[in-house]
>>> print(open('work.txt').read())   # compact mmCIF, C-alpha atoms
# COMPACT_ATOMS: atom_id res chain seq x y z
CA MET A 1 -25.01 16.20 -36.73
CA ALA A 2 -24.16 13.18 -34.62
CA SER A 3 -27.07 13.93 -32.28
CA ALA A 4 -29.42 12.88 -35.10
CA PHE A 5 -28.18 9.31 -34.59
CA LEU A 6 -27.76 9.36 -30.81
CA GLU A 7 -31.05 7.75 -29.83
CA GLN A 8 -30.46 4.96 -32.34
CA ALA A 9 -27.03 4.33 -30.80
CA VAL A 10 -28.39 4.23 -27.25
CA ASP A 11 -31.27 1.97 -28.31
CA SER A 12 -28.73 -0.49 -29.74
CA VAL A 13 -27.18 -0.69 -26.26
CA LEU A 14 -30.54 -1.15 -24.55
CA ASP A 15 -31.43 -3.90 -27.05
CA GLN A 16 -28.44 -6.03 -26.02
CA THR A 17 -29.17 -9.64 -25.07
CA LEU A 18 -26.59 -9.10 -22.31
CA LEU A 19 -27.11 -5.63 -20.84
CA PRO A 20 -24.16 -3.59 -19.56
CA LYS A 21 -23.92 -2.70 -15.89
CA GLU A 22 -23.16 0.95 -16.70
CA LEU A 23 -23.96 3.34 -19.52
CA LEU A 24 -21.73 6.42 -19.69
CA LEU A 25 -23.02 9.32 -21.81
CA VAL A 26 -20.47 12.07 -22.45
CA ASP A 27 -21.26 15.25 -24.39
CA ASP A 28 -18.17 17.02 -25.72
CA ALA A 29 -19.38 20.63 -25.44
CA SER A 30 -21.98 20.40 -28.22
CA SER A 31 -22.68 23.80 -29.78
CA ASP A 32 -26.36 23.24 -30.56
CA GLY A 33 -28.00 25.38 -27.90
CA GLY A 34 -28.45 22.53 -25.46
CA LYS A 35 -30.35 20.18 -27.80
CA THR A 36 -27.88 17.33 -27.31
CA LYS A 37 -27.92 17.78 -23.53
CA ASP A 38 -31.72 17.73 -23.51
CA LEU A 39 -31.72 14.56 -25.61
CA ILE A 40 -29.22 12.88 -23.30
CA GLU A 41 -31.30 13.74 -20.24
CA SER A 42 -34.42 12.42 -21.99
CA LEU A 43 -32.64 9.16 -22.84
CA LYS A 44 -31.38 8.87 -19.27
CA LYS A 45 -34.92 9.26 -17.94
CA LYS A 46 -36.19 6.61 -20.36
CA ILE A 47 -33.52 4.14 -19.26
CA LEU A 48 -34.14 4.71 -15.56
CA GLU A 49 -37.90 4.28 -16.05
CA LYS A 50 -37.27 0.84 -17.56
CA ASN A 51 -35.63 -0.15 -14.27
CA ASN A 52 -33.41 -2.68 -16.05
CA GLY A 53 -30.52 -2.41 -13.61
CA ILE A 54 -28.32 -0.17 -15.77
CA THR A 55 -26.53 2.65 -13.96
CA VAL A 56 -26.55 5.76 -16.17
CA LEU A 57 -23.78 8.33 -15.71
CA THR A 58 -23.69 11.59 -17.68
CA LEU A 59 -20.95 14.16 -18.14
CA TYR A 60 -21.01 17.48 -20.04
CA HIS A 61 -17.76 19.09 -21.12
CA ASP A 62 -17.51 22.89 -21.00
CA ILE A 63 -14.71 22.83 -23.57
CA ASN A 64 -14.41 20.57 -26.60
CA THR A 65 -11.67 17.99 -25.99
CA GLY A 66 -12.05 15.86 -29.10
CA PRO A 67 -12.86 12.15 -29.35
CA GLY A 68 -9.91 11.06 -27.21
CA GLY A 69 -10.66 13.41 -24.33
CA THR A 70 -14.34 12.45 -24.41
CA ARG A 71 -13.56 8.75 -24.23
CA ASN A 72 -11.05 9.33 -21.44
CA SER A 73 -13.73 11.16 -19.44
CA GLY A 74 -16.03 8.17 -19.72
CA TRP A 75 -13.12 5.85 -18.93
CA ASN A 76 -12.40 7.76 -15.72
CA LEU A 77 -16.05 7.45 -14.64
CA ALA A 78 -16.28 3.72 -15.31
CA THR A 79 -16.21 1.13 -12.52
CA GLN A 80 -16.65 -2.12 -14.47
CA PRO A 81 -13.66 -4.28 -15.50
CA TRP A 82 -14.25 -3.87 -19.25
CA LEU A 83 -15.08 -0.80 -21.36
CA ALA A 84 -16.80 -0.68 -24.75
CA PHE A 85 -16.99 2.44 -26.92
CA LEU A 86 -19.84 3.67 -29.10
CA ASP A 87 -19.99 7.01 -30.93
CA ALA A 88 -23.33 8.74 -31.48
CA ASP A 89 -23.53 7.77 -35.17
CA ASP A 90 -22.76 4.08 -34.61
CA ALA A 91 -24.72 1.08 -33.36
CA TRP A 92 -24.16 -2.45 -32.06
CA HIS A 93 -25.67 -5.75 -33.06
CA PRO A 94 -28.00 -6.94 -30.24
CA ARG A 95 -25.64 -9.81 -29.43
CA LYS A 96 -22.39 -7.76 -29.44
CA LEU A 97 -21.88 -7.80 -25.66
CA GLU A 98 -23.13 -11.37 -25.22
CA ILE A 99 -20.76 -12.76 -27.86
CA SER A 100 -17.80 -10.59 -26.86
CA CYS A 101 -18.10 -11.34 -23.14
CA LYS A 102 -18.48 -15.07 -23.75
CA TRP A 103 -15.33 -15.05 -25.88
CA LEU A 104 -13.41 -13.02 -23.28
CA LYS A 105 -14.46 -15.45 -20.55
CA ASP A 106 -12.82 -18.24 -22.54
CA HIS A 107 -9.69 -16.18 -23.34
CA VAL A 108 -8.56 -14.65 -20.06
CA ASP A 109 -5.26 -13.43 -21.52
CA ALA A 110 -7.02 -10.84 -23.71
CA VAL A 111 -6.62 -7.14 -22.91
CA MET A 112 -8.42 -5.78 -25.97
CA LEU A 113 -11.03 -7.25 -28.28
CA GLY A 114 -12.46 -5.98 -31.55
CA HIS A 115 -14.53 -7.45 -34.36
CA LEU A 116 -15.71 -6.65 -37.86
CA THR A 117 -17.85 -3.60 -38.68
CA GLN A 118 -20.10 -2.51 -41.54
CA ALA A 119 -21.41 0.78 -42.92
CA LEU A 120 -25.21 1.09 -43.18
CA ALA A 121 -27.65 3.66 -44.50
CA LYS A 122 -29.45 5.75 -41.86
CA ASN A 123 -32.39 3.87 -40.33
CA ALA A 124 -31.32 0.63 -42.04
CA GLY A 125 -32.07 -2.57 -40.19
CA ILE A 126 -29.32 -4.46 -38.37
CA PRO A 127 -28.23 -7.49 -40.45
CA GLN A 128 -28.51 -11.02 -39.12
CA LEU A 129 -25.41 -12.85 -37.93
CA LYS A 130 -23.82 -15.42 -40.19
CA SER A 131 -24.76 -18.95 -39.20
CA SER A 132 -22.44 -20.89 -41.47
CA HIS A 133 -19.06 -20.21 -39.87
CA SER A 134 -17.39 -20.76 -36.52
CA MET A 135 -16.48 -17.86 -34.24
CA GLN A 136 -12.74 -17.25 -34.26
CA GLY A 137 -10.50 -14.62 -32.72
CA GLU A 138 -7.21 -13.64 -34.32
CA ARG A 139 -4.45 -12.09 -32.23
CA ILE A 140 -3.31 -8.95 -34.04
CA SER A 141 0.39 -8.29 -34.51
CA PHE A 142 2.19 -4.97 -34.79
CA LEU A 143 2.97 -5.67 -38.46
CA GLN A 144 -0.73 -6.10 -39.16
CA MET A 145 -1.39 -2.76 -37.45
CA VAL A 146 1.27 -1.06 -39.59
CA ILE A 147 -0.36 -2.38 -42.75
CA ALA A 148 -3.85 -1.26 -41.67
CA ASN A 149 -5.73 -0.40 -38.49
CA ARG A 150 -7.57 -3.58 -37.46
CA PHE A 151 -9.61 -1.96 -34.68
CA PHE A 152 -12.50 0.45 -35.16
CA THR A 153 -13.49 2.20 -31.95
CA ARG A 154 -17.13 1.08 -32.16
CA THR A 155 -15.92 -2.55 -32.02
CA VAL A 156 -13.43 -2.31 -29.16
CA MET A 157 -13.69 -3.70 -25.64
CA ILE A 158 -10.67 -2.96 -23.45
CA LYS A 159 -9.69 -3.63 -19.86
CA ARG A 160 -10.44 -0.59 -17.70
CA ASP A 161 -7.40 -0.97 -15.44
CA ILE A 162 -4.64 -0.63 -18.06
CA SER A 163 -2.54 2.52 -17.66
CA LEU A 164 -2.72 3.65 -21.30
CA ARG A 165 -5.21 6.31 -22.40
CA PHE A 166 -6.20 8.18 -25.56
CA LYS A 167 -3.89 11.07 -26.47
CA ASP A 168 -5.03 14.56 -27.49
CA LYS A 169 -6.36 15.88 -30.79
CA LEU A 170 -2.91 16.18 -32.40
CA PHE A 171 -2.91 12.45 -33.09
CA THR A 172 -5.20 9.75 -34.46
CA GLU A 173 -6.17 9.03 -30.85
CA ASP A 174 -7.76 5.63 -31.35
CA TYR A 175 -5.15 4.22 -33.74
CA LEU A 176 -2.36 5.42 -31.45
CA LEU A 177 -3.88 3.71 -28.40
CA TRP A 178 -4.37 0.42 -30.24
CA LEU A 179 -0.76 0.59 -31.47
CA GLU A 180 0.48 1.22 -27.93
CA VAL A 181 -1.49 -1.76 -26.63
CA VAL A 182 -0.02 -4.06 -29.27
CA LEU A 183 3.52 -2.66 -28.84
CA ALA A 184 3.26 -3.31 -25.08
CA ASP A 185 2.64 -6.98 -25.94
CA MET A 186 -0.86 -6.86 -24.49
CA PRO A 187 -2.92 -9.55 -26.27
CA ALA A 188 -5.37 -7.87 -28.66
CA TYR A 189 -7.78 -9.92 -30.76
CA VAL A 190 -10.32 -9.41 -33.54
CA LEU A 191 -13.37 -11.67 -33.92
CA ASN A 192 -14.48 -12.73 -37.40
CA GLU A 193 -18.06 -11.51 -36.85
CA THR A 194 -19.76 -8.21 -37.74
CA LEU A 195 -21.15 -6.86 -34.48
CA ALA A 196 -21.04 -3.07 -35.00
CA PHE A 197 -22.31 -0.67 -37.62
CA SER A 198 -21.68 2.92 -38.70
CA PHE A 199 -24.25 5.19 -40.29
CA ARG A 200 -21.59 7.32 -41.97
CA PRO A 201 -18.81 6.01 -44.25
CA GLU A 202 -15.44 6.00 -42.49
CA PHE A 203 -14.07 8.72 -44.78
CA SER A 204 -17.26 10.60 -45.56
CA ALA A 205 -17.17 14.37 -45.99
CA GLY A 206 -19.15 14.86 -42.78
CA GLY A 207 -17.13 12.46 -40.69
CA TYR A 208 -14.10 13.11 -38.50
CA SER A 209 -11.90 11.26 -40.99
CA GLY A 210 -13.49 12.97 -43.97
CA GLN A 211 -10.88 15.73 -43.96
CA LEU A 212 -8.30 13.38 -45.41
CA TRP A 213 -5.21 15.57 -45.21
CA ALA A 214 -5.94 16.65 -41.63
CA HIS A 215 -6.40 12.98 -40.72
CA GLU A 216 -3.17 12.04 -42.50
CA LYS A 217 -1.14 14.68 -40.64
CA LYS A 218 -2.41 13.26 -37.36
CA GLU A 219 -1.46 9.74 -38.41
CA LEU A 220 2.04 10.91 -39.33
CA ARG A 221 2.36 12.61 -35.92
CA THR A 222 1.28 9.32 -34.35
CA TRP A 223 4.25 7.52 -35.88
CA VAL A 224 6.68 10.31 -34.97
CA TYR A 225 5.37 10.23 -31.39
CA LEU A 226 5.91 6.47 -31.13
CA TYR A 227 9.48 6.91 -32.34
CA SER A 228 10.22 9.85 -30.00
CA ALA A 229 8.82 7.79 -27.10
CA ASN A 230 11.22 4.95 -28.01
CA LYS A 231 8.33 2.61 -28.76
CA ILE A 232 9.41 1.93 -32.35
CA SER A 233 12.80 1.92 -34.05
CA PHE A 234 14.00 4.36 -36.71
CA PRO A 235 13.83 1.69 -39.47
CA THR A 236 10.22 1.01 -38.47
CA LEU A 237 9.48 4.74 -38.67
CA CYS A 238 11.06 4.83 -42.15
CA ILE A 239 8.65 2.08 -43.25
CA ALA A 240 5.54 3.37 -41.49
CA ILE A 241 5.72 6.97 -42.80
CA PRO A 242 5.87 6.15 -46.55
CA TRP A 243 3.26 3.41 -46.13
CA SER A 244 0.93 5.86 -44.39
CA CYS A 245 1.37 8.27 -47.30
CA ILE A 246 0.57 5.52 -49.79
CA LYS A 247 -2.65 4.75 -47.90
CA TYR A 248 -3.50 8.46 -47.92
CA ILE A 249 -3.04 8.69 -51.70
CA ARG A 250 -5.23 5.60 -52.13
CA ARG A 251 -8.01 7.22 -50.03
CA VAL A 252 -7.83 10.39 -52.11
CA LEU A 253 -8.05 8.41 -55.34
CA ASN A 254 -10.91 6.32 -54.03
CA GLY A 255 -12.78 9.53 -53.16
CA TYR A 256 -12.04 11.01 -56.59
CA PHE A 257 -13.28 7.99 -58.56
CA ARG A 258 -16.22 7.17 -56.23
>>> encode(input="work.txt", output="structure tokens")
Amino acid sequence: MASAFLEQAVDSVLDQTLLPKELLLVDDASSDGGKTKDLIESLKKKILEKNNGITVLTLYHDINTGPGGTRNSGWNLATQPWLAFLDADDAWHPRKLEISCKWLKDHVDAVMLGHLTQALAKNAGIPQLKSSHSMQGERISFLQMVIANRFFTRTVMIKRDISLRFKDKLFTEDYLLWLEVVLADMPAYVLNETLAFSFRPEFSAGGYSGQLWAHEKKELRTWVYLYSANKISFPTLCIAIPWSCIKYIRRVLNGYFR
């Protein structure tokens, strides 16, 4: 259950060298008899007792809306100019916000920023940053996004005031939003530094993407939606669909031989 990691995720936010102004905690109708809600309220109390200037906002869904709906709920509550996302089973490096905000200050054209991410074992320590390379941000093109998703949600910071939002559970909500940002020619960059971590493999059996065929159907719907919305051409659709299927077959084979 994701709630088993929740406190670790929140602690990684509170350990930031540059603290956020707001922390938005959204529970998507957890079916655990109120345990997640109790944990969230306990974490909220702990944060407020620290009196560190963070405003804590909580929201509890009555009906499960999926990852996209949950993130949209937090988005709608937010008041700060930039949003960053963190799922319950993920964590940030202590300098994630400091480094990201410094880079954004120097690159005012950016609308979305990501960085590298790494899978860790539960309760593993956060690795040190590399000290032997310079920080660089690469603007991501649509072609790069067709080849492979370059943005993992735990890494993303995005401007709050853009009109785009996550779609519903029929699609790969995060991948679709990043594609729409890039297709709208909004500058989206990825830093060459690992500043976020996941405590479950991206395609693990227990993860959202672990059900590979269900995930693949959503990705295929994503491409069909982009075509039906006149955001990509038919030739692009004819390239994206087979390539998506090739990636799906590769994931299945990787799981089989793991």
>>> closest_residue(input="work.txt", among="A:Gln118, A:Ser141, A:Asn230, A:Asn149", to="Glu193 in chain A", atoms="only C-alpha atoms")
A:Gln118
>>> residues_around(input="work.txt", residues="Leu104 in chain A", least_positions_apart="5", cutoff="12 Å", atoms="all atoms listed in the file", output="PDB file with C-alpha atoms, in the coordinates of the input")
ATOM      1  CA  PRO A  81     -13.660  -4.280 -15.500  1.00  0.00           C
ATOM      2  CA  TRP A  82     -14.250  -3.870 -19.250  1.00  0.00           C
ATOM      3  CA  LEU A  97     -21.880  -7.800 -25.660  1.00  0.00           C
ATOM      4  CA  GLU A  98     -23.130 -11.370 -25.220  1.00  0.00           C
ATOM      5  CA  ILE A  99     -20.760 -12.760 -27.860  1.00  0.00           C
ATOM      6  CA  ASP A 109      -5.260 -13.430 -21.520  1.00  0.00           C
ATOM      7  CA  ALA A 110      -7.020 -10.840 -23.710  1.00  0.00           C
ATOM      8  CA  VAL A 111      -6.620  -7.140 -22.910  1.00  0.00           C
ATOM      9  CA  MET A 112      -8.420  -5.780 -25.970  1.00  0.00           C
ATOM     10  CA  LEU A 113     -11.030  -7.250 -28.280  1.00  0.00           C
ATOM     11  CA  GLY A 114     -12.460  -5.980 -31.550  1.00  0.00           C
ATOM     12  CA  GLN A 136     -12.740 -17.250 -34.260  1.00  0.00           C
ATOM     13  CA  GLY A 137     -10.500 -14.620 -32.720  1.00  0.00           C
ATOM     14  CA  MET A 157     -13.690  -3.700 -25.640  1.00  0.00           C
ATOM     15  CA  ILE A 158     -10.670  -2.960 -23.450  1.00  0.00           C
ATOM     16  CA  LYS A 159      -9.690  -3.630 -19.860  1.00  0.00           C
ATOM     17  CA  PRO A 187      -2.920  -9.550 -26.270  1.00  0.00           C
ATOM     18  CA  ALA A 188      -5.370  -7.870 -28.660  1.00  0.00           C
ATOM     19  CA  TYR A 189      -7.780  -9.920 -30.760  1.00  0.00           C
ATOM     20  CA  VAL A 190     -10.320  -9.410 -33.540  1.00  0.00           C
ATOM     21  CA  LEU A 191     -13.370 -11.670 -33.920  1.00  0.00           C
TER      22      LEU A 191
END
>>> residues_around(input="work.txt", residues="Asp174 in chain A", least_positions_apart="2", cutoff="9 Å", atoms="only C-alpha atoms", output="PDB file with C-alpha atoms, keeping the file's coordinate frame")
ATOM      1  CA  PRO A  67     -12.860  12.150 -29.350  1.00  0.00           C
ATOM      2  CA  GLY A  68      -9.910  11.060 -27.210  1.00  0.00           C
ATOM      3  CA  PHE A 151      -9.610  -1.960 -34.680  1.00  0.00           C
ATOM      4  CA  PHE A 152     -12.500   0.450 -35.160  1.00  0.00           C
ATOM      5  CA  THR A 153     -13.490   2.200 -31.950  1.00  0.00           C
ATOM      6  CA  PHE A 166      -6.200   8.180 -25.560  1.00  0.00           C
ATOM      7  CA  LYS A 167      -3.890  11.070 -26.470  1.00  0.00           C
ATOM      8  CA  PHE A 171      -2.910  12.450 -33.090  1.00  0.00           C
ATOM      9  CA  THR A 172      -5.200   9.750 -34.460  1.00  0.00           C
ATOM     10  CA  LEU A 176      -2.360   5.420 -31.450  1.00  0.00           C
ATOM     11  CA  LEU A 177      -3.880   3.710 -28.400  1.00  0.00           C
ATOM     12  CA  TRP A 178      -4.370   0.420 -30.240  1.00  0.00           C
ATOM     13  CA  LEU A 179      -0.760   0.590 -31.470  1.00  0.00           C
TER      14      LEU A 179
END
>>> residues_around(input="work.txt", residues="Ser73 in chain A", least_positions_apart="2", cutoff="12 Å", atoms="all atoms listed in the file", output="MDAnalysis selection string")
chainID A and resid 24:28 57:61 64:71 75:78 85 165:166
>>> atom_distance(input="work.txt", atom1="CA of Asp90 in chain A", atom2="CA of Pro127 in chain A")
14.1 Å
>>> residues_near_point(input="work.txt", point="(-29.8, 7.9, -26.9)", cutoff="12 Å", atoms="only C-alpha atoms", output="ChimeraX atom specification")
/A:2-15,23-27,36-47,56,58,86-91
>>> closest_residue(input="work.txt", among="A:Asp106, A:Ala121, A:Thr17, A:Arg160", to="Ala84 in chain A", atoms="only C-alpha atoms")
A:Arg160
>>> residues_around(input="work.txt", residues="range 146-148 of chain A", least_positions_apart="5", cutoff="10 Å", atoms="only C-alpha atoms", output="list in words")
Ser141, Tyr175, Leu179, Trp223, Thr236, Ile239, Ala240, Ile241, Trp243, Ser244 and Lys247 of chain A
>>> closest_residue(input="work.txt", among="A:Ser100, A:Gln80, A:Asn52, A:Gln211", to="Glu22 in chain A", atoms="only C-alpha atoms")
A:Gln80
>>> axis_aligned_box(input="work.txt", around="range 85-101 of chain A", padding_each_side="4 Å", output="JSON")
{"center_x": -22.5, "center_y": -2.0, "center_z": -29.2, "size_x": 19.0, "size_y": 29.5, "size_z": 20.0}
>>> closest_residue(input="work.txt", among="A:Leu164, A:Leu195, A:Cys238, A:Val181", to="Leu129 in chain A", atoms="only C-alpha atoms")
A:Leu195
>>> closest_residue(input="work.txt", among="A:Met135, A:Ile63, A:Leu220, A:Leu83", to="Lys21 in chain A", atoms="only C-alpha atoms")
A:Leu83
>>> decode(input="work.txt", residues="range 118-138 of chain A", atoms="N, CA, C and O atoms", output="PDB file, in the first residue's frame")
ATOM      1  N   GLN A 118      15.570   7.734  -9.909  1.00  0.00           N
ATOM      2  CA  GLN A 118      16.217   6.452  -9.624  1.00  0.00           C
ATOM      3  C   GLN A 118      15.324   5.622  -8.716  1.00  0.00           C
ATOM      4  O   GLN A 118      14.658   6.161  -7.834  1.00  0.00           O
ATOM      5  N   ALA A 119      15.303   4.314  -8.947  1.00  0.00           N
ATOM      6  CA  ALA A 119      14.560   3.399  -8.081  1.00  0.00           C
ATOM      7  C   ALA A 119      15.443   2.979  -6.916  1.00  0.00           C
ATOM      8  O   ALA A 119      16.629   2.690  -7.086  1.00  0.00           O
ATOM      9  N   LEU A 120      14.851   2.954  -5.705  1.00  0.00           N
ATOM     10  CA  LEU A 120      15.584   2.565  -4.498  1.00  0.00           C
ATOM     11  C   LEU A 120      14.797   1.498  -3.742  1.00  0.00           C
ATOM     12  O   LEU A 120      13.579   1.403  -3.878  1.00  0.00           O
ATOM     13  N   ALA A 121      15.507   0.745  -2.923  1.00  0.00           N
ATOM     14  CA  ALA A 121      14.843  -0.191  -2.021  1.00  0.00           C
ATOM     15  C   ALA A 121      14.189   0.586  -0.889  1.00  0.00           C
ATOM     16  O   ALA A 121      14.628   1.685  -0.525  1.00  0.00           O
ATOM     17  N   LYS A 122      13.099   0.044  -0.328  1.00  0.00           N
ATOM     18  CA  LYS A 122      12.413   0.708   0.779  1.00  0.00           C
ATOM     19  C   LYS A 122      13.387   0.968   1.926  1.00  0.00           C
ATOM     20  O   LYS A 122      14.182   0.115   2.292  1.00  0.00           O
ATOM     21  N   ASN A 123      13.292   2.194   2.468  1.00  0.00           N
ATOM     22  CA  ASN A 123      14.131   2.638   3.585  1.00  0.00           C
ATOM     23  C   ASN A 123      15.603   2.813   3.205  1.00  0.00           C
ATOM     24  O   ASN A 123      16.455   2.975   4.089  1.00  0.00           O
ATOM     25  N   ALA A 124      15.914   2.779   1.908  1.00  0.00           N
ATOM     26  CA  ALA A 124      17.289   3.039   1.480  1.00  0.00           C
ATOM     27  C   ALA A 124      17.608   4.517   1.656  1.00  0.00           C
ATOM     28  O   ALA A 124      16.726   5.377   1.603  1.00  0.00           O
ATOM     29  N   GLY A 125      18.860   4.820   1.877  1.00  0.00           N
ATOM     30  CA  GLY A 125      19.277   6.204   2.024  1.00  0.00           C
ATOM     31  C   GLY A 125      19.274   6.937   0.684  1.00  0.00           C
ATOM     32  O   GLY A 125      19.426   6.322  -0.379  1.00  0.00           O
ATOM     33  N   ILE A 126      19.106   8.252   0.733  1.00  0.00           N
ATOM     34  CA  ILE A 126      19.123   9.059  -0.478  1.00  0.00           C
ATOM     35  C   ILE A 126      20.569   9.249  -0.931  1.00  0.00           C
ATOM     36  O   ILE A 126      21.410   9.709  -0.149  1.00  0.00           O
ATOM     37  N   PRO A 127      20.896   8.906  -2.178  1.00  0.00           N
ATOM     38  CA  PRO A 127      22.282   9.042  -2.656  1.00  0.00           C
ATOM     39  C   PRO A 127      22.740  10.498  -2.702  1.00  0.00           C
ATOM     40  O   PRO A 127      21.932  11.418  -2.811  1.00  0.00           O
ATOM     41  N   GLN A 128      24.053  10.682  -2.625  1.00  0.00           N
ATOM     42  CA  GLN A 128      24.643  12.002  -2.751  1.00  0.00           C
ATOM     43  C   GLN A 128      24.593  12.466  -4.202  1.00  0.00           C
ATOM     44  O   GLN A 128      24.566  11.662  -5.132  1.00  0.00           O
ATOM     45  N   LEU A 129      24.588  13.781  -4.389  1.00  0.00           N
ATOM     46  CA  LEU A 129      24.635  14.336  -5.737  1.00  0.00           C
ATOM     47  C   LEU A 129      26.018  14.136  -6.336  1.00  0.00           C
ATOM     48  O   LEU A 129      27.025  14.088  -5.622  1.00  0.00           O
ATOM     49  N   LYS A 130      26.060  14.042  -7.660  1.00  0.00           N
ATOM     50  CA  LYS A 130      27.346  13.982  -8.342  1.00  0.00           C
ATOM     51  C   LYS A 130      28.041  15.344  -8.207  1.00  0.00           C
ATOM     52  O   LYS A 130      27.393  16.377  -8.274  1.00  0.00           O
ATOM     53  N   SER A 131      29.328  15.319  -8.032  1.00  0.00           N
ATOM     54  CA  SER A 131      30.071  16.576  -7.895  1.00  0.00           C
ATOM     55  C   SER A 131      31.025  16.824  -9.051  1.00  0.00           C
ATOM     56  O   SER A 131      31.719  17.831  -9.077  1.00  0.00           O
ATOM     57  N   SER A 132      31.045  15.896 -10.005  1.00  0.00           N
ATOM     58  CA  SER A 132      32.049  15.974 -11.071  1.00  0.00           C
ATOM     59  C   SER A 132      31.480  16.429 -12.414  1.00  0.00           C
ATOM     60  O   SER A 132      32.143  16.321 -13.430  1.00  0.00           O
ATOM     61  N   HIS A 133      30.239  16.913 -12.427  1.00  0.00           N
ATOM     62  CA  HIS A 133      29.690  17.357 -13.711  1.00  0.00           C
ATOM     63  C   HIS A 133      28.901  18.646 -13.502  1.00  0.00           C
ATOM     64  O   HIS A 133      28.459  18.956 -12.403  1.00  0.00           O
ATOM     65  N   SER A 134      28.755  19.388 -14.594  1.00  0.00           N
ATOM     66  CA  SER A 134      28.034  20.660 -14.532  1.00  0.00           C
ATOM     67  C   SER A 134      26.543  20.421 -14.741  1.00  0.00           C
ATOM     68  O   SER A 134      26.140  19.511 -15.467  1.00  0.00           O
ATOM     69  N   MET A 135      25.730  21.252 -14.084  1.00  0.00           N
ATOM     70  CA  MET A 135      24.281  21.138 -14.216  1.00  0.00           C
ATOM     71  C   MET A 135      23.851  21.663 -15.584  1.00  0.00           C
ATOM     72  O   MET A 135      24.190  22.778 -15.972  1.00  0.00           O
ATOM     73  N   GLN A 136      23.118  20.853 -16.315  1.00  0.00           N
ATOM     74  CA  GLN A 136      22.645  21.246 -17.640  1.00  0.00           C
ATOM     75  C   GLN A 136      21.176  20.877 -17.781  1.00  0.00           C
ATOM     76  O   GLN A 136      20.715  19.879 -17.226  1.00  0.00           O
ATOM     77  N   GLY A 137      20.460  21.700 -18.524  1.00  0.00           N
ATOM     78  CA  GLY A 137      19.063  21.418 -18.823  1.00  0.00           C
ATOM     79  C   GLY A 137      18.862  21.281 -20.315  1.00  0.00           C
ATOM     80  O   GLY A 137      19.284  22.154 -21.086  1.00  0.00           O
ATOM     81  N   GLU A 138      18.252  20.187 -20.732  1.00  0.00           N
ATOM     82  CA  GLU A 138      18.010  19.934 -22.154  1.00  0.00           C
ATOM     83  C   GLU A 138      16.544  20.181 -22.470  1.00  0.00           C
ATOM     84  O   GLU A 138      15.656  19.642 -21.806  1.00  0.00           O
TER      85      GLU A 138
END
